[in-house]
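Visitor: Structure supplied as work-v3.cif; contents: mmCIF, C-alpha atoms.
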```
data_structure
loop_
_atom_site.label_atom_id
_atom_site.label_comp_id
_atom_site.auth_asym_id
_atom_site.auth_seq_id
_atom_site.Cartn_x
_atom_site.Cartn_y
_atom_site.Cartn_z
CA MET A 1 62.53 103.68 105.54
CA ALA A 2 65.76 103.11 103.57
CA GLU A 3 64.18 104.26 100.30
CA GLU A 4 62.81 107.42 101.88
CA TRP A 5 66.11 108.25 103.58
CA ILE A 6 68.33 107.83 100.52
CA GLY A 7 65.80 109.69 98.36
CA GLU A 8 66.17 112.70 100.63
CA ALA A 9 69.79 112.39 101.71
CA LEU A 10 71.54 111.53 98.43
CA PRO A 11 70.72 114.75 96.52
CA ARG A 12 71.59 116.84 99.57
CA LEU A 13 74.92 115.13 100.17
CA ALA A 14 75.86 115.09 96.48
CA ALA A 15 75.23 118.83 96.22
CA ARG A 16 77.20 119.57 99.39
CA HIS A 17 80.25 117.59 98.24
CA GLY A 18 80.19 118.36 94.54
CA LEU A 19 79.28 114.98 93.05
CA PRO A 20 78.14 115.36 89.43
CA GLY A 21 75.95 112.26 89.71
CA ALA A 22 75.34 109.19 91.83
CA GLN A 23 73.21 106.09 92.33
CA VAL A 24 72.61 104.33 95.64
CA ALA A 25 70.89 100.95 95.84
CA VAL A 26 69.97 98.93 98.93
CA LEU A 27 69.22 95.21 99.21
CA VAL A 28 66.99 94.36 102.17
CA ASP A 29 64.41 91.58 102.66
CA GLY A 30 65.34 90.21 99.24
CA GLN A 31 64.29 93.38 97.44
CA VAL A 32 66.33 96.23 95.91
CA VAL A 33 65.39 99.89 96.30
CA ASP A 34 67.38 102.78 94.92
CA ALA A 35 67.76 106.54 94.52
CA VAL A 36 69.61 108.69 92.00
CA THR A 37 70.79 112.26 91.70
CA GLY A 38 72.67 114.60 89.38
CA VAL A 39 73.92 114.19 85.84
CA LEU A 40 75.91 111.63 83.86
CA ASN A 41 78.13 114.28 82.28
CA LEU A 42 78.60 117.90 83.32
CA ALA A 43 79.18 118.80 79.66
CA THR A 44 75.79 117.50 78.51
CA GLY A 45 73.61 117.69 81.61
CA VAL A 46 71.95 114.33 80.91
CA PRO A 47 70.30 113.28 84.19
CA VAL A 48 71.17 110.12 86.09
CA THR A 49 68.47 107.44 85.99
CA SER A 50 68.14 104.07 87.70
CA ASP A 51 69.20 102.27 84.51
CA ALA A 52 72.28 104.44 83.85
CA MET A 53 75.61 102.59 83.89
CA PHE A 54 78.60 103.62 86.00
CA GLN A 55 81.96 101.87 85.91
CA ILE A 56 82.46 99.65 88.95
CA GLY A 57 86.27 99.44 88.64
CA SER A 58 87.86 96.87 90.91
CA ILE A 59 84.53 95.49 92.13
CA THR A 60 84.92 93.58 88.86
CA LYS A 61 87.43 91.41 90.72
CA VAL A 62 84.57 89.83 92.66
CA TRP A 63 82.97 88.92 89.31
CA THR A 64 86.26 87.45 88.06
CA ALA A 65 86.66 85.50 91.29
CA THR A 66 83.10 84.23 90.89
CA LEU A 67 83.88 82.89 87.41
CA VAL A 68 86.94 81.13 88.84
CA MET A 69 84.99 79.67 91.75
CA ARG A 70 82.45 78.22 89.34
CA LEU A 71 85.33 76.41 87.67
CA VAL A 72 86.45 75.21 91.10
CA HIS A 73 82.94 73.95 91.85
CA GLU A 74 82.89 72.10 88.51
CA GLY A 75 86.21 70.41 89.33
CA ALA A 76 88.12 72.16 86.53
CA VAL A 77 90.34 74.20 88.88
CA GLU A 78 92.07 73.46 92.20
CA LEU A 79 92.85 76.53 94.29
CA ASP A 80 96.23 75.30 95.48
CA ARG A 81 97.61 74.11 92.16
CA PRO A 82 100.19 76.35 90.47
CA VAL A 83 98.75 78.66 87.83
CA VAL A 84 101.36 77.55 85.31
CA GLU A 85 99.77 74.09 85.25
CA TYR A 86 96.69 75.70 83.67
CA LEU A 87 98.44 78.46 81.72
CA GLY A 88 101.57 77.15 80.03
CA GLY A 89 102.46 80.66 78.84
CA PHE A 90 102.41 82.20 82.32
CA ARG A 91 105.80 83.63 83.26
CA LEU A 92 107.13 86.05 85.88
CA ALA A 93 110.64 87.47 86.27
CA ASP A 94 111.26 85.10 89.19
CA GLU A 95 111.47 81.47 88.06
CA VAL A 96 110.55 80.02 91.47
CA ALA A 97 107.47 82.23 91.69
CA THR A 98 106.48 81.21 88.16
CA ARG A 99 106.45 77.57 89.27
CA THR A 100 104.75 78.12 92.65
CA VAL A 101 102.15 80.92 92.37
CA THR A 102 98.77 79.26 92.88
CA VAL A 103 95.22 80.21 91.98
CA ARG A 104 94.57 80.93 95.67
CA HIS A 105 97.55 83.30 95.79
CA LEU A 106 96.06 85.31 92.93
CA LEU A 107 92.57 85.38 94.43
CA THR A 108 93.95 86.63 97.77
CA HIS A 109 96.50 89.13 96.42
CA THR A 110 99.44 87.17 97.85
CA GLY A 111 101.30 86.36 94.63
CA GLY A 112 104.11 88.71 95.65
CA PHE A 113 104.69 90.26 92.21
CA GLU A 114 104.13 93.75 90.80
CA GLY A 115 100.43 94.48 90.74
CA ASP A 116 99.94 97.78 88.91
CA ILE A 117 101.08 96.97 85.40
CA TRP A 118 98.86 98.53 82.72
CA THR A 119 100.21 97.14 79.46
CA ASP A 120 97.97 98.16 76.57
CA THR A 121 97.65 95.17 74.25
CA GLY A 122 94.69 96.46 72.31
CA SER A 123 90.98 95.70 72.57
CA ASN A 124 90.65 92.55 70.47
CA ASP A 125 89.78 89.13 71.87
CA ASP A 126 93.48 88.35 72.34
CA ALA A 127 94.18 91.39 74.56
CA VAL A 128 94.15 89.48 77.86
CA ARG A 129 96.34 86.70 76.46
CA LYS A 130 98.90 89.21 75.21
CA TYR A 131 98.85 91.02 78.57
CA VAL A 132 99.63 87.81 80.47
CA GLU A 133 102.45 86.97 78.05
CA ALA A 134 103.92 90.43 78.71
CA LEU A 135 104.06 89.72 82.48
CA ALA A 136 107.31 87.81 81.97
CA GLY A 137 109.19 90.84 83.29
CA ALA A 138 107.00 91.43 86.37
CA ALA A 139 109.29 91.81 89.38
CA GLN A 140 108.89 89.75 92.54
CA PHE A 141 109.07 91.61 95.87
CA SER A 142 108.21 88.71 98.19
CA PRO A 143 107.75 84.94 97.93
CA PRO A 144 104.23 83.80 96.96
CA GLY A 145 101.97 83.53 99.99
CA GLU A 146 104.17 85.61 102.31
CA ARG A 147 102.51 89.02 102.17
CA PHE A 148 99.25 90.64 101.09
CA SER A 149 99.66 93.30 98.39
CA TYR A 150 96.74 94.35 96.21
CA CYS A 151 97.45 92.98 92.74
CA ASN A 152 95.58 94.02 89.60
CA SER A 153 97.98 92.00 87.46
CA GLY A 154 97.08 88.79 89.27
CA TYR A 155 93.40 89.26 88.48
CA VAL A 156 94.15 89.67 84.79
CA VAL A 157 95.91 86.30 85.00
CA LEU A 158 92.74 84.87 86.58
CA GLY A 159 90.76 86.32 83.68
CA ARG A 160 93.07 84.48 81.30
CA LEU A 161 92.51 81.29 83.29
CA VAL A 162 88.78 81.70 82.68
CA GLU A 163 89.40 82.29 78.98
CA VAL A 164 91.48 79.14 78.56
CA LEU A 165 89.19 76.82 80.51
CA ARG A 166 85.98 78.22 79.04
CA GLY A 167 87.39 78.48 75.53
CA LYS A 168 86.11 82.02 74.99
CA PRO A 169 87.18 85.65 75.63
CA TYR A 170 86.81 86.98 79.16
CA ASN A 171 83.98 89.41 78.38
CA GLN A 172 82.03 86.71 76.57
CA ALA A 173 82.43 84.35 79.54
CA LEU A 174 81.30 87.14 81.86
CA ARG A 175 78.17 87.70 79.81
CA GLU A 176 77.30 84.05 79.22
CA HIS A 177 77.91 82.82 82.77
CA LEU A 178 76.73 85.81 84.86
CA ILE A 179 75.21 88.80 83.07
CA THR A 180 72.69 87.02 80.84
CA PRO A 181 71.60 84.30 83.32
CA LEU A 182 71.00 86.97 85.98
CA GLY A 183 68.97 89.10 83.56
CA LEU A 184 71.17 92.16 84.03
CA ALA A 185 69.80 94.48 81.37
CA HIS A 186 71.86 97.50 82.36
CA THR A 187 75.38 96.06 82.40
CA ALA A 188 78.09 96.59 79.78
CA THR A 189 81.40 94.76 79.49
CA HIS A 190 83.10 97.38 77.31
CA ALA A 191 82.66 100.81 75.76
CA ASP A 192 80.93 99.64 72.59
CA GLU A 193 78.16 98.12 74.70
CA ALA A 194 78.00 101.03 77.13
CA ILE A 195 77.35 103.70 74.49
CA LEU A 196 74.19 101.85 73.45
CA GLY A 197 72.80 102.60 76.91
CA MET A 198 73.20 105.47 79.36
CA PRO A 199 76.88 105.55 80.42
CA ALA A 200 78.20 107.85 83.12
CA VAL A 201 81.32 109.88 82.34
CA GLY A 202 83.97 110.26 85.03
CA HIS A 203 85.12 113.68 86.21
CA VAL A 204 88.46 114.73 87.65
CA ARG A 205 89.61 117.92 89.30
CA ALA A 206 92.31 120.10 87.76
CA GLY A 207 94.71 120.21 90.72
CA VAL A 208 93.57 120.13 94.35
CA THR A 209 91.18 123.08 94.12
CA GLY A 210 90.34 123.24 90.40
CA SER A 211 86.93 122.63 88.86
CA LEU A 212 85.68 119.19 87.87
CA GLU A 213 86.03 118.32 84.20
CA PRO A 214 84.92 115.23 82.23
CA VAL A 215 87.73 112.75 81.62
CA LYS A 216 89.15 112.55 78.10
CA ARG A 217 88.88 108.77 77.80
CA TRP A 218 86.21 106.47 79.11
CA SER A 219 88.12 103.52 80.51
CA LEU A 220 91.45 102.05 81.48
CA VAL A 221 93.19 99.75 79.00
CA PRO A 222 90.83 96.90 77.90
CA SER A 223 93.56 94.29 78.40
CA THR A 224 93.03 94.68 82.15
CA ALA A 225 89.27 94.08 82.00
CA PRO A 226 89.34 91.16 84.50
CA ALA A 227 90.88 93.50 87.10
CA GLY A 228 88.27 96.23 86.58
CA ALA A 229 89.09 98.33 83.52
CA THR A 230 85.77 98.36 81.67
CA LEU A 231 82.78 96.73 83.42
CA ALA A 232 79.89 99.17 83.94
CA MET A 233 76.38 98.74 85.29
CA SER A 234 73.60 100.26 87.33
CA ALA A 235 73.65 100.01 91.11
CA ARG A 236 70.51 97.86 90.90
CA ASP A 237 72.30 95.37 88.62
CA LEU A 238 75.26 95.28 91.00
CA LEU A 239 72.98 94.31 93.88
CA ALA A 240 71.22 91.72 91.73
CA PHE A 241 74.65 90.10 91.41
CA VAL A 242 75.13 90.35 95.19
CA ARG A 243 71.70 88.80 95.81
CA HIS A 244 72.72 85.89 93.55
CA HIS A 245 75.91 85.51 95.62
CA LEU A 246 74.04 85.36 98.90
CA SER A 247 71.56 82.78 97.60
CA THR A 248 74.14 80.45 95.98
CA PRO A 249 75.76 78.06 98.49
CA GLU A 250 78.86 77.42 96.34
CA PHE A 251 79.89 81.09 96.74
CA ALA A 252 79.85 81.02 100.55
CA ALA A 253 83.50 79.88 100.49
CA MET A 254 84.43 83.23 98.96
CA ARG A 255 83.38 84.89 102.22
CA GLU A 256 85.67 82.78 104.40
CA PRO A 257 88.84 84.57 105.66
CA GLN A 258 92.01 83.53 103.88
CA VAL A 259 94.76 86.03 104.76
CA GLU A 260 95.40 88.95 107.07
CA ALA A 261 95.25 92.23 105.17
CA SER A 262 95.54 94.90 107.84
CA GLU A 263 96.81 98.36 107.01
CA PRO A 264 99.52 99.77 109.33
CA GLY A 265 97.93 102.37 111.55
CA LEU A 266 94.37 101.54 110.46
CA MET A 267 91.73 98.93 111.24
CA SER A 268 92.41 95.23 111.14
CA GLY A 269 91.08 93.26 108.25
CA ARG A 270 91.28 90.08 106.24
CA TRP A 271 90.73 88.99 102.66
CA GLY A 272 88.54 86.20 101.37
CA LEU A 273 88.40 84.91 97.80
CA GLY A 274 87.69 88.09 95.88
CA TRP A 275 86.10 89.93 98.81
CA SER A 276 87.73 92.24 101.33
CA MET A 277 86.65 91.54 104.90
CA PRO A 278 87.16 94.60 107.17
CA ASP A 279 86.78 94.05 110.89
CA TYR A 280 84.22 96.58 112.12
CA GLY A 281 83.85 94.86 115.48
CA GLY A 282 80.36 93.53 114.71
CA PRO A 283 78.69 91.25 112.17
CA VAL A 284 80.77 89.85 109.32
CA VAL A 285 81.07 92.29 106.42
CA VAL A 286 82.39 91.69 102.93
CA GLU A 287 83.04 94.58 100.62
CA HIS A 288 84.89 95.94 97.64
CA SER A 289 85.44 99.33 96.08
CA GLY A 290 86.49 100.48 92.64
CA SER A 291 88.13 103.47 90.99
CA THR A 292 88.56 104.14 87.28
CA MET A 293 88.80 107.27 85.15
CA GLY A 294 87.05 109.69 87.49
CA GLN A 295 84.47 107.21 88.77
CA ARG A 296 84.27 105.51 92.17
CA ALA A 297 82.13 102.60 93.28
CA PHE A 298 81.44 100.96 96.65
CA VAL A 299 79.55 97.87 97.81
CA HIS A 300 79.22 96.55 101.36
CA VAL A 301 77.42 93.32 102.21
CA VAL A 302 76.30 91.98 105.61
CA PRO A 303 75.56 88.35 104.68
CA ASP A 304 73.86 87.23 107.91
CA ALA A 305 71.42 90.14 107.67
CA GLY A 306 70.85 89.75 103.92
CA VAL A 307 71.68 93.44 103.57
CA ALA A 308 73.84 95.18 100.98
CA VAL A 309 74.45 98.79 99.97
CA ALA A 310 75.99 99.96 96.69
CA MET A 311 76.95 103.47 95.63
CA LEU A 312 78.21 104.45 92.17
CA THR A 313 79.56 107.94 91.47
CA ASN A 314 81.27 109.93 88.72
CA GLY A 315 83.47 112.48 90.51
CA GLY A 316 83.65 115.02 93.31
CA ASP A 317 84.45 114.63 97.02
CA VAL A 318 82.89 111.20 97.16
CA PHE A 319 84.28 109.86 100.43
CA PRO A 320 82.24 111.99 102.86
CA VAL A 321 79.11 110.96 100.96
CA PHE A 322 80.12 107.30 101.09
CA THR A 323 80.80 107.56 104.82
CA GLU A 324 77.46 109.13 105.72
CA VAL A 325 75.33 106.98 103.42
CA PHE A 326 76.88 103.66 104.41
CA ARG A 327 77.13 104.50 108.11
CA HIS A 328 73.43 105.39 108.31
CA LEU A 329 72.04 102.56 106.18
CA LEU A 330 74.20 99.77 107.58
CA HIS A 331 73.48 100.83 111.14
CA GLU A 332 69.74 101.07 110.50
CA LEU A 333 69.43 97.83 108.54
CA ALA A 334 72.17 95.59 109.98
CA ASP A 335 73.15 97.13 113.34
CA LEU A 336 76.64 97.75 111.99
CA SER A 337 78.90 100.52 113.26
CA GLN A 338 81.13 101.66 110.43
CA PRO A 339 84.14 103.72 111.56
CA GLU A 340 84.89 107.22 110.40
CA LEU A 341 87.64 107.88 107.87
CA PRO A 342 91.00 108.75 109.51
CA LEU A 343 91.88 112.42 110.01
CA PRO A 344 95.24 114.10 110.71
CA PRO A 345 95.70 114.49 114.49
CA GLN A 346 95.37 118.02 115.87
CA ASN A 347 98.72 117.58 117.59
CA PRO A 348 100.49 114.92 115.53
CA PRO A 349 103.47 113.10 117.00
CA PRO A 350 106.85 113.73 115.35
CA VAL A 351 107.62 111.79 112.19
CA ASP A 352 110.33 109.17 112.60
CA ALA A 353 112.55 110.44 109.79
CA ILE A 354 114.95 107.51 109.93
CA ARG A 355 112.08 105.10 109.37
CA ALA A 356 110.13 107.11 106.80
CA VAL A 357 112.54 109.10 104.62
CA GLY A 358 113.59 107.40 101.41
CA THR A 359 112.67 106.48 97.84
CA TYR A 360 110.05 103.82 97.23
CA ARG A 361 109.26 102.28 93.84
CA SER A 362 106.69 100.05 92.19
CA SER A 363 105.46 99.47 88.66
CA ALA A 364 103.00 102.35 89.24
CA GLY A 365 105.67 104.96 89.93
CA THR A 366 108.06 106.45 92.48
CA TRP A 367 107.37 107.95 95.91
CA VAL A 368 110.06 110.06 97.58
CA VAL A 369 109.50 110.86 101.27
CA ARG A 370 111.58 113.71 102.69
CA VAL A 371 111.71 116.03 105.69
CA ASP A 372 112.53 119.67 104.91
CA ASP A 373 114.64 122.12 106.92
CA ASP A 374 111.55 123.29 108.82
CA GLY A 375 110.72 119.77 109.92
CA HIS A 376 107.77 119.29 107.55
CA THR A 377 107.36 115.91 105.87
CA TRP A 378 106.52 115.61 102.18
CA VAL A 379 105.93 112.89 99.63
CA HIS A 380 106.73 113.53 95.97
CA MET A 381 104.90 111.17 93.62
CA SER A 382 105.94 110.47 90.03
CA SER A 383 103.58 108.22 88.10
CA SER A 384 104.68 105.70 85.49
CA ASP A 385 101.82 107.06 83.37
CA GLU A 386 103.31 109.87 81.28
CA ASP A 387 99.89 111.57 81.11
CA GLU A 388 99.83 112.13 84.88
CA GLU A 389 101.65 115.09 86.42
CA ASP A 390 103.95 114.78 89.43
CA GLU A 391 102.47 115.69 92.81
CA GLU A 392 103.89 116.69 96.17
CA LEU A 393 101.80 116.41 99.32
CA GLU A 394 102.51 117.28 102.94
CA LEU A 395 102.29 114.46 105.47
CA VAL A 396 102.09 114.28 109.25
CA ALA A 397 102.32 111.28 111.54
CA LEU A 398 98.99 109.54 112.10
CA ASN A 399 100.75 107.34 114.65
CA GLU A 400 104.15 105.63 114.90
CA ASP A 401 103.28 103.23 112.05
CA ALA A 402 101.64 105.55 109.53
CA LEU A 403 101.66 108.96 107.88
CA ILE A 404 98.59 110.83 106.61
CA THR A 405 98.11 113.63 104.08
CA VAL A 406 97.32 117.07 105.44
CA VAL A 407 95.11 118.06 102.49
CA PRO A 408 92.28 115.68 101.52
CA ARG A 409 91.70 114.40 97.99
CA GLU A 410 88.14 113.43 97.00
CA GLY A 411 87.24 114.21 100.61
CA ARG A 412 89.67 111.66 102.06
CA HIS A 413 93.06 111.97 103.79
CA VAL A 414 95.31 109.26 102.35
CA VAL A 415 97.27 107.05 104.76
CA TYR A 416 100.80 105.83 104.05
CA GLY A 417 101.64 102.85 106.23
CA LEU A 418 105.27 102.38 107.25
CA GLY A 419 106.23 98.74 106.78
CA ASP A 420 108.65 96.50 108.66
CA VAL A 421 111.97 98.06 109.63
CA ASP A 422 115.41 96.86 108.57
CA ALA A 423 118.55 96.73 110.70
CA ALA A 424 119.08 100.46 110.18
CA GLY A 425 115.58 101.31 111.44
CA ARG A 426 114.25 102.14 107.94
CA ALA A 427 110.85 101.04 106.67
CA ARG A 428 111.30 98.27 104.11
CA PHE A 429 108.23 99.47 102.25
CA LEU A 430 105.29 101.84 102.21
CA ARG A 431 101.80 100.42 102.24
CA LEU A 432 99.40 102.53 100.18
CA THR A 433 95.79 101.49 99.51
CA GLY A 434 96.73 97.91 100.23
CA ARG A 435 99.80 97.86 98.02
CA VAL A 436 103.41 97.20 99.00
CA ILE A 437 105.76 99.86 97.61
CA VAL A 438 109.34 98.72 98.20
CA ARG A 439 112.15 100.97 99.39
CA ASP A 440 114.90 101.49 96.80
CA LEU A 441 117.99 100.79 98.88
CA ALA A 442 120.26 102.27 96.22
CA SER A 443 118.47 105.62 96.61
CA GLY A 444 118.41 105.62 100.39
#
```
For the structure just supplied, provide its representation as structure tokens.

Guide:
Amino acid sequence: MAEEWIGEALPRLAARHGLPGAQVAVLVDGQVVDAVTGVLNLATGVPVTSDAMFQIGSITKVWTATLVMRLVHEGAVELDRPVVEYLGGFRLADEVATRTVTVRHLLTHTGGFEGDIWTDTGSNDDAVRKYVEALAGAAQFSPPGERFSYCNSGYVVLGRLVEVLRGKPYNQALREHLITPLGLAHTATHADEAILGMPAVGHVRAGVTGSLEPVKRWSLVPSTAPAGATLAMSARDLLAFVRHHLSTPEFAAMREPQVEASEPGLMSGRWGLGWSMPDYGGPVVVEHSGSTMGQRAFVHVVPDAGVAVAMLTNGGDVFPVFTEVFRHLLHELADLSQPELPLPPQNPPPVDAIRAVGTYRSSAGTWVVRVDDDGHTWVHMSSSDEDEEDEELELVALNEDALITVVPREGRHVVYGLGDVDAAGRARFLRLTGRVIVRDLASG
């Protein structure tokens, strides 16, 4: 039933929402079935096949966490020991945090330091080491363990932990301890491997309404590979990894809740060790998604049912496709009710300007929220990446704790959570896609 449905639905949905190409794979009863549609590159028209490789982005973090948990199982790592005891060269801007950030903090995104640092230290075997050494200036916005904030930087540090304790580069450890033993024939750790197979090329839209165009570079900086910069694979290989997870008792601990990770104004949720754990009001679900250079990836797992769904894409309005595919398959196979994506209210409540208006900064850029003379609310975004243009988007109130974009991007309206208030009634931070973006008090 699942194979028939995705074989019919995927091409129809991809065409409706402008996806250049996609793979969907389903794990059920211990077996993987899949369907494909579209092309790997709009410029060449090469068709997607089951063995084509898409980048999985931040789903890589589950692989990195798995390598760490193997070290834990072997007795080489203790989750609650400070990272600096394993990595003598690990430094942050805050001396107390340097001494107290633990392996568990990094696995659960509670290290409290800047998470979107993309230092390019080359592509040689020392790239991860050099990246971690460059973290000495990473700012601390909360004490370790106090607050969840999605942290790419922390996962690069975990990759370096693997390198030091295994005595080999991260990508080599990934291949020797997971890819090769699992027989994953259509998985590449970096671009030089990917071009020997069938790699998908990401596509981005020129502006909100422009046409999709292939990206000009294939991956993010290789130094951030443990966080999700370069790993690519087929959807079938991704679910082979998931099947290994479900059948290996030592990895069950990764699916145990560790911290609350709810988004203001959205559903409640928690975080395990590497896995996100959204609360859908039914069976336990673990999941992760990924985004890199015009490609998006999704995987949801219902462990008690032995069911998993993965979707890999290379551009277009992917979120409506994700919603329909996962809602149908997970309901049919695991009796799971996945909620719809949030939409702007027809009659939104007024925006609390005192709470929302201000300048918010992180290592990724600057967000300025303002209310104009006509009462409309806007956010102006300036990226730290000089190659990205500034953007300004209109917002309305989703509820008293969150704002939402009026115009969708990739078929999704983005939610900006309004964090805790200070004595003046101002939000101390924005929460955007799981990240804490701190208000700049000097700018208002």

Visitor: For each of A:Pro303, A:Pro199, A:Pro181, A:Gly154, take the minimum atom-to-atom distance to Leu246 (chain A), counting only C-alpha atoms, then give the residue where this is smallest.

Guide: A:Pro303

Visitor: Between A:Ala139, A:Val396, A:Ile437, A:Cys151, single out the one closest to Thr359 (chain A), counting only C-alpha atoms.

Guide: A:Ile437

Visitor: Since I can't run it myself right now, could you work out what the PyMOL selection byres ((chain A and resi 27-42) around 7) selects here and report it as a ChimeraX atom specification?

Guide: /A:3,6-7,10-11,20-26,43-50,200-201,214,236,239,306-309

Visitor: For region 185-280 of chain A versus region 311-321 of chain A, which residues have an atom no more than 9 Å away, and what is each residue's nearest atom pair and distance in Å rounded to one decimal, using only C-alpha atoms, chain-then-number order, as CSV?

Guide:
```
residue,atom,partner,partner_atom,distance
A:Ala200,CA,A:Asn314,CA,6.7
A:Val201,CA,A:Asn314,CA,6.4
A:Gly202,CA,A:Asn314,CA,4.6
A:His203,CA,A:Gly315,CA,4.8
A:Val204,CA,A:Gly315,CA,6.2
A:Arg205,CA,A:Gly316,CA,7.7
A:Leu212,CA,A:Gly316,CA,7.1
A:Glu213,CA,A:Gly315,CA,9.0
A:Pro214,CA,A:Gly315,CA,8.8
A:Ser234,CA,A:Leu312,CA,7.9
A:Ala235,CA,A:Leu312,CA,6.5
```

Visitor: Write a file of the just-selected residues containing C-alpha atoms, as a PDB file, keeping the file's coordinate frame.

Guide:
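Contents of part-v8.pdb, as written:
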```
ATOM      1  CA  ALA A 200      78.200 107.850  83.120  1.00  0.00           C
ATOM      2  CA  VAL A 201      81.320 109.880  82.340  1.00  0.00           C
ATOM      3  CA  GLY A 202      83.970 110.260  85.030  1.00  0.00           C
ATOM      4  CA  HIS A 203      85.120 113.680  86.210  1.00  0.00           C
ATOM      5  CA  VAL A 204      88.460 114.730  87.650  1.00  0.00           C
ATOM      6  CA  ARG A 205      89.610 117.920  89.300  1.00  0.00           C
ATOM      7  CA  LEU A 212      85.680 119.190  87.870  1.00  0.00           C
ATOM      8  CA  GLU A 213      86.030 118.320  84.200  1.00  0.00           C
ATOM      9  CA  PRO A 214      84.920 115.230  82.230  1.00  0.00           C
ATOM     10  CA  SER A 234      73.600 100.260  87.330  1.00  0.00           C
ATOM     11  CA  ALA A 235      73.650 100.010  91.110  1.00  0.00           C
TER      12      ALA A 235
END
```

Visitor: So which residues get picked by the PyMOL selection byres ((chain A and resi 431) around 8) here, written as a list of chain:residue names?

Guide: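 Evaluating the PyMOL selection byres ((chain A and resi 431) around 8) on these coordinates yields A:Glu263, A:Pro264, A:Tyr416, A:Gly417, A:Leu418, A:Gly419, A:Phe429, A:Leu430, A:Leu432, A:Thr433, A:Gly434, A:Arg435, A:Val436, A:Ile437.
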
Visitor: Please expand the PyMOL selection byres ((chain A and resi 346-348) around 12) into the concrete residues it hits in this file, giving the result as a list in words.

Guide: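 That expression, the PyMOL selection byres ((chain A and resi 346-348) around 12), corresponds here to Leu343, Pro344, Pro345, Pro349, Pro350, Val351, Asp352, His376, Thr377, Leu395, Val396, Ala397, Leu398, Asn399, Glu400, Ala402, Leu403, Ile404, Thr405 and Val406 of chain A.
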
Visitor: Could you jot down the CA of Gly269 (chain A) to CA of Asp94 (chain A) separation for me, Å, one decimal place?

Guide: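 For CA of Gly269 (chain A) relative to CA of Asp94 (chain A), the distance reads 28.9 Å.
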
Visitor: Just checking: using all atoms listed in the file, which residue out of A:Met53, A:Leu393, A:Leu135, A:Leu158 ends up closest to Ala188 (chain A)?

Guide: A:Met53

Visitor: Nearest residue to Val299 (chain A) out of A:Ala252, A:Ile56, A:Val162, A:Ala206, using all atoms listed in the file?

Guide: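 When distances to Val299 (chain A) are compared using all atoms listed in the file, the smallest one comes from A:Ile56.
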
Visitor: What is the CA of Met381 (chain A)-CA of Ser58 (chain A) distance in Å, reported with one decimal?

Guide: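 These two atoms are separated by 22.4 Å.
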
Visitor: Which polymer residues have any atom within 9 Å of an atom of Arg361 (chain A), counting all atoms listed in the file, with same-chain residues fewer than 2 positions away left out, as a list in words?

Guide: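 Counting all atoms listed in the file, the residues come to Thr359, Ser363, Ala364, Gly365, Thr366, Trp367, Val368, Phe429, Ile437, Val438, Arg439 and Asp440 of chain A.
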
Visitor: Please write region 115-122 of chain A of the preceding block to a file containing N, CA, C and O atoms, as a compact mmCIF listing (two decimals), in the first residue's frame?

Guide:
```
# COMPACT_ATOMS: atom_id res chain seq x y z
N GLY A 115 25.91 29.17 17.90
CA GLY A 115 25.80 27.90 17.20
C GLY A 115 25.93 27.94 15.70
O GLY A 115 26.06 26.89 15.07
N ASP A 116 25.88 29.12 15.09
CA ASP A 116 25.92 29.20 13.63
C ASP A 116 27.19 29.90 13.17
O ASP A 116 27.15 30.96 12.53
N ILE A 117 28.31 29.30 13.49
CA ILE A 117 29.61 29.80 13.08
C ILE A 117 30.12 28.91 11.95
O ILE A 117 30.20 27.69 12.10
N TRP A 118 30.45 29.51 10.82
CA TRP A 118 30.79 28.74 9.61
C TRP A 118 32.21 29.07 9.15
O TRP A 118 32.44 29.43 8.01
N THR A 119 33.17 28.92 10.05
CA THR A 119 34.56 29.22 9.72
C THR A 119 35.09 28.22 8.70
O THR A 119 35.03 27.01 8.92
N ASP A 120 35.59 28.73 7.58
CA ASP A 120 36.14 27.86 6.54
C ASP A 120 37.62 27.62 6.82
O ASP A 120 38.44 28.53 6.68
N THR A 121 37.95 26.42 7.24
CA THR A 121 39.34 26.08 7.53
C THR A 121 39.90 25.09 6.52
O THR A 121 40.83 24.34 6.82
N GLY A 122 39.31 25.10 5.33
CA GLY A 122 39.81 24.23 4.28
C GLY A 122 39.11 22.89 4.24
O GLY A 122 38.10 22.66 4.93
```
